[in-house]
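Worksheet: one structure, shown below.
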Amino acid sequence: MNEQEKNTFPVGRFAPTPSGELHAGSLMCALLAYLSVKHRGGKFLIRIEDLDPDRCSREAAESMIAMLETLGITSDGPIVYQSERNALYREKERELQQKVRVYPCFCTRAELHAAEAPRLSDGGFLYAGACRRLRDEQIKERIALRRPCYRVEVPDCAIGFTDLLAGQTVQNLKAECGDFMLRRSDGVYAYQFAVSVDDGESGVSEVVRGNDLLSSTPRQIWLMRLLGYTPPVYCHIPLVCDGSGRKLSKSEGDSAARWIETYPPERLLGFLAYSSGIIEVNRAAALDELIACFSWKNVRKNKIILDRTLLK
């Protein structure tokens, strides 16, 4: 995509991790991301975040893509697989090393637990910097015993942004995030780095995803700026819950496949649109109709309830 196209057309994306079946909450996220850019005549991309070969499979990815296609949600460009982009990530890592310090870290997860490091909202730990000032001879000694991961040293600075739904968010990288992982000890690139590179390379101008990733955004904005990318606008949708208020998840068996196999596409689309607040009546709705009437002003800001008893 050239610079003129980036400035003219909004570009959105949906980036699922194929570690199991697509669940209904992810289906809601995909629909909102699609409607948002299509309402403004933009482009929608699908990226498969299959960085971890032990957790992800091509079969699961293909199943997700097929389910989205059933509802008319398709990619306007080639589908990108992160597992095929290691050469690009290595190139961007070298570029990053020219601007900030990247260093080896030998701390295990058990050691982080033992150090009583504060836990971050995304499941990680606030790294205290145990390996930040290791001398060259210490690094050589430890590398002989085990492979390190690599962390990026963050500055003492605040990164802020205005989310379309969550509003203003500010995070001090050093105090609230800490030096985060760039590459795992097995060579797999970390989510924060890979997603920043991929969004930048694809010219993504808008990211719609779950609220559980809100705290990751300042790190990604910081990385994108360092690598010369323009950070996108972000919209973190609220928790998607079932009729009893329980968060939908893959681990709880909330598969979207059952819904897609059971209900006609327009009935399911209308149910999702009604549940999120896009339309006022729980009825069948065509994708083109939803594109035309979409507005973030109507999307619920607290919880999105998918009450299966209403899907009949």
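Residue numbering restarts at 1 in every chain; chains get A, B, ... in the order shown in the structure tokens, and ligands count up from 1 in that same order.
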Legend entry - Selection near A:Val170, 7 Å with only C-alpha atoms, sequence-local residues under 3 positions removed, as a PyMOL selection string: chain A and resi 158-161
With C-alpha atoms kept, could you save the residues just selected as a CSV table (one decimal), in the first residue's frame?
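Output contents, as saved in part-v4.csv:
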chain,number,residue,atom,x,y,z
A,158,ALA,CA,4.1,8.1,29.7
A,159,ILE,CA,2.3,6.9,26.5
A,160,GLY,CA,-1.3,8.0,26.1
A,161,PHE,CA,-4.0,7.6,23.6
Inset, instruction - Using backbone DSSP assignments, extract all strand (DSSP E) residues from stretch 18-195 of chain A; output them as an MDAnalysis selection string. - result: chainID A and resid 43:48 80:81 102:105 149:152 158:163 167:172 180:183
Legend entry - Selection near A:Tyr234, 7 Å with only C-alpha atoms, sequence-local residues under 5 positions removed, as JSON, numbers by chain: {"A": [163, 164, 206, 207, 208]}
Atoms kept (N, CA, C and O atoms) for selection, written as an mmCIF file, in the first residue's frame:
data_model
loop_
_atom_site.group_PDB
_atom_site.id
_atom_site.type_symbol
_atom_site.label_atom_id
_atom_site.label_comp_id
_atom_site.auth_asym_id
_atom_site.auth_seq_id
_atom_site.Cartn_x
_atom_site.Cartn_y
_atom_site.Cartn_z
ATOM 1 N N ASP A 163 -9.029 5.996 23.251
ATOM 2 C CA ASP A 163 -9.709 4.840 22.679
ATOM 3 C C ASP A 163 -11.128 5.235 22.280
ATOM 4 O O ASP A 163 -11.784 6.022 22.969
ATOM 5 N N LEU A 164 -11.609 4.690 21.163
ATOM 6 C CA LEU A 164 -12.938 5.050 20.673
ATOM 7 C C LEU A 164 -14.055 4.701 21.651
ATOM 8 O O LEU A 164 -15.088 5.374 21.691
ATOM 9 N N GLU A 206 -6.828 1.355 11.956
ATOM 10 C CA GLU A 206 -7.802 1.176 13.037
ATOM 11 C C GLU A 206 -7.735 -0.261 13.545
ATOM 12 O O GLU A 206 -7.766 -1.209 12.762
ATOM 13 N N VAL A 207 -7.622 -0.398 14.850
ATOM 14 C CA VAL A 207 -7.581 -1.722 15.473
ATOM 15 C C VAL A 207 -8.780 -1.857 16.408
ATOM 16 O O VAL A 207 -8.947 -1.065 17.329
ATOM 17 N N VAL A 208 -9.593 -2.867 16.152
ATOM 18 C CA VAL A 208 -10.728 -3.201 17.011
ATOM 19 C C VAL A 208 -10.433 -4.546 17.650
ATOM 20 O O VAL A 208 -10.174 -5.528 16.956
#
Which residues come within 10 Å of stretch 177-180 of chain A, counting only C-alpha atoms, excluding same-chain residues fewer than 6 positions away, as an mmCIF file with N, CA, C and O atoms, in the first residue's frame?
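Contents of the output file out_33.cif:
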data_model
loop_
_atom_site.group_PDB
_atom_site.id
_atom_site.type_symbol
_atom_site.label_atom_id
_atom_site.label_comp_id
_atom_site.auth_asym_id
_atom_site.auth_seq_id
_atom_site.Cartn_x
_atom_site.Cartn_y
_atom_site.Cartn_z
ATOM 1 N N VAL A 102 18.279 -3.743 23.585
ATOM 2 C CA VAL A 102 17.678 -5.068 23.677
ATOM 3 C C VAL A 102 18.707 -5.970 24.352
ATOM 4 O O VAL A 102 19.863 -6.020 23.930
ATOM 5 N N TYR A 103 18.313 -6.674 25.400
ATOM 6 C CA TYR A 103 19.301 -7.437 26.164
ATOM 7 C C TYR A 103 18.777 -8.834 26.506
ATOM 8 O O TYR A 103 17.560 -9.060 26.580
ATOM 9 N N PRO A 118 4.851 -7.756 40.512
ATOM 10 C CA PRO A 118 3.432 -7.444 40.251
ATOM 11 C C PRO A 118 2.977 -8.052 38.932
ATOM 12 O O PRO A 118 3.715 -8.033 37.940
ATOM 13 N N ARG A 119 1.783 -8.580 38.924
ATOM 14 C CA ARG A 119 1.235 -9.184 37.714
ATOM 15 C C ARG A 119 0.519 -8.127 36.892
ATOM 16 O O ARG A 119 -0.212 -7.295 37.422
ATOM 17 N N LEU A 120 0.756 -8.150 35.572
ATOM 18 C CA LEU A 120 0.128 -7.203 34.672
ATOM 19 C C LEU A 120 -1.235 -7.720 34.237
ATOM 20 O O LEU A 120 -1.515 -8.920 34.296
ATOM 21 N N SER A 121 -2.074 -6.827 33.756
ATOM 22 C CA SER A 121 -3.438 -7.205 33.373
ATOM 23 C C SER A 121 -3.469 -8.141 32.178
ATOM 24 O O SER A 121 -4.446 -8.840 31.956
ATOM 25 N N GLY A 124 1.216 -11.050 32.134
ATOM 26 C CA GLY A 124 2.651 -11.061 32.352
ATOM 27 C C GLY A 124 3.020 -10.503 33.722
ATOM 28 O O GLY A 124 2.180 -10.362 34.610
ATOM 29 N N PHE A 125 4.319 -10.224 33.884
ATOM 30 C CA PHE A 125 4.816 -9.692 35.135
ATOM 31 C C PHE A 125 5.551 -8.382 34.886
ATOM 32 O O PHE A 125 6.155 -8.182 33.831
ATOM 33 N N LEU A 126 5.515 -7.503 35.865
ATOM 34 C CA LEU A 126 6.304 -6.281 35.800
ATOM 35 C C LEU A 126 7.746 -6.673 36.089
ATOM 36 O O LEU A 126 8.097 -7.034 37.209
ATOM 37 N N TYR A 127 8.585 -6.605 35.065
ATOM 38 C CA TYR A 127 9.957 -7.092 35.197
ATOM 39 C C TYR A 127 10.801 -6.103 35.986
ATOM 40 O O TYR A 127 10.861 -4.912 35.660
ATOM 41 N N ALA A 128 11.477 -6.601 37.023
ATOM 42 C CA ALA A 128 12.250 -5.738 37.920
ATOM 43 C C ALA A 128 13.630 -5.402 37.371
ATOM 44 O O ALA A 128 14.321 -4.548 37.926
ATOM 45 N N GLY A 129 14.062 -6.083 36.301
ATOM 46 C CA GLY A 129 15.346 -5.734 35.679
ATOM 47 C C GLY A 129 16.529 -6.515 36.192
ATOM 48 O O GLY A 129 17.670 -6.024 36.160
ATOM 49 N N ARG A 132 19.170 -6.770 33.532
ATOM 50 C CA ARG A 132 19.366 -5.565 32.721
ATOM 51 C C ARG A 132 20.824 -5.114 32.693
ATOM 52 O O ARG A 132 21.301 -4.582 31.694
ATOM 53 N N TYR A 150 14.852 -12.348 25.056
ATOM 54 C CA TYR A 150 15.401 -11.007 24.870
ATOM 55 C C TYR A 150 14.326 -9.988 25.201
ATOM 56 O O TYR A 150 13.180 -10.099 24.762
ATOM 57 N N ARG A 151 14.721 -9.002 26.017
ATOM 58 C CA ARG A 151 13.822 -7.943 26.443
ATOM 59 C C ARG A 151 14.265 -6.603 25.868
ATOM 60 O O ARG A 151 15.446 -6.398 25.567
ATOM 61 N N VAL A 152 13.313 -5.685 25.761
ATOM 62 C CA VAL A 152 13.616 -4.334 25.316
ATOM 63 C C VAL A 152 13.504 -3.406 26.524
ATOM 64 O O VAL A 152 12.550 -3.490 27.291
ATOM 65 N N GLU A 153 14.509 -2.575 26.706
ATOM 66 C CA GLU A 153 14.522 -1.655 27.840
ATOM 67 C C GLU A 153 13.638 -0.453 27.545
ATOM 68 O O GLU A 153 13.840 0.244 26.543
ATOM 69 N N VAL A 154 12.675 -0.213 28.406
ATOM 70 C CA VAL A 154 11.725 0.876 28.173
ATOM 71 C C VAL A 154 12.142 2.123 28.943
ATOM 72 O O VAL A 154 12.771 2.029 30.003
ATOM 73 N N PRO A 155 11.800 3.286 28.449
ATOM 74 C CA PRO A 155 12.139 4.528 29.146
ATOM 75 C C PRO A 155 11.111 4.860 30.231
ATOM 76 O O PRO A 155 10.023 4.270 30.280
ATOM 77 N N ASP A 156 11.466 5.809 31.064
ATOM 78 C CA ASP A 156 10.543 6.321 32.078
ATOM 79 C C ASP A 156 9.718 7.423 31.416
ATOM 80 O O ASP A 156 10.020 8.606 31.521
ATOM 81 N N GLN A 171 -0.233 5.326 30.230
ATOM 82 C CA GLN A 171 0.560 4.318 30.929
ATOM 83 C C GLN A 171 2.023 4.749 30.948
ATOM 84 O O GLN A 171 2.570 5.146 29.922
ATOM 85 N N ALA A 190 7.678 -12.332 20.353
ATOM 86 C CA ALA A 190 6.584 -12.063 21.279
ATOM 87 C C ALA A 190 5.465 -11.298 20.581
ATOM 88 O O ALA A 190 5.688 -10.571 19.607
ATOM 89 N N GLN A 192 3.739 -8.634 21.442
ATOM 90 C CA GLN A 192 3.806 -7.175 21.401
ATOM 91 C C GLN A 192 4.602 -6.679 20.202
ATOM 92 O O GLN A 192 4.222 -5.693 19.544
ATOM 93 N N PHE A 193 5.710 -7.340 19.923
ATOM 94 C CA PHE A 193 6.573 -6.917 18.821
ATOM 95 C C PHE A 193 5.970 -7.280 17.472
ATOM 96 O O PHE A 193 5.879 -6.443 16.566
ATOM 97 N N SER A 215 -4.277 -2.681 27.950
ATOM 98 C CA SER A 215 -3.019 -2.318 28.599
ATOM 99 C C SER A 215 -1.800 -2.600 27.724
ATOM 100 O O SER A 215 -0.704 -2.105 28.003
ATOM 101 N N SER A 216 -1.961 -3.399 26.678
ATOM 102 C CA SER A 216 -0.854 -3.677 25.761
ATOM 103 C C SER A 216 -0.614 -2.538 24.772
ATOM 104 O O SER A 216 0.468 -2.430 24.198
ATOM 105 N N PRO A 218 -0.164 0.885 24.873
ATOM 106 C CA PRO A 218 0.948 1.837 24.966
ATOM 107 C C PRO A 218 2.281 1.254 24.514
ATOM 108 O O PRO A 218 3.080 1.944 23.868
ATOM 109 N N ARG A 219 2.555 -0.006 24.830
ATOM 110 C CA ARG A 219 3.793 -0.654 24.372
ATOM 111 C C ARG A 219 3.845 -0.707 22.851
ATOM 112 O O ARG A 219 4.889 -0.453 22.236
#
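Reported to one decimal place, the separation of atom CA of A:Ser57 from atom CA of A:Pro264 is 27.6 Å.
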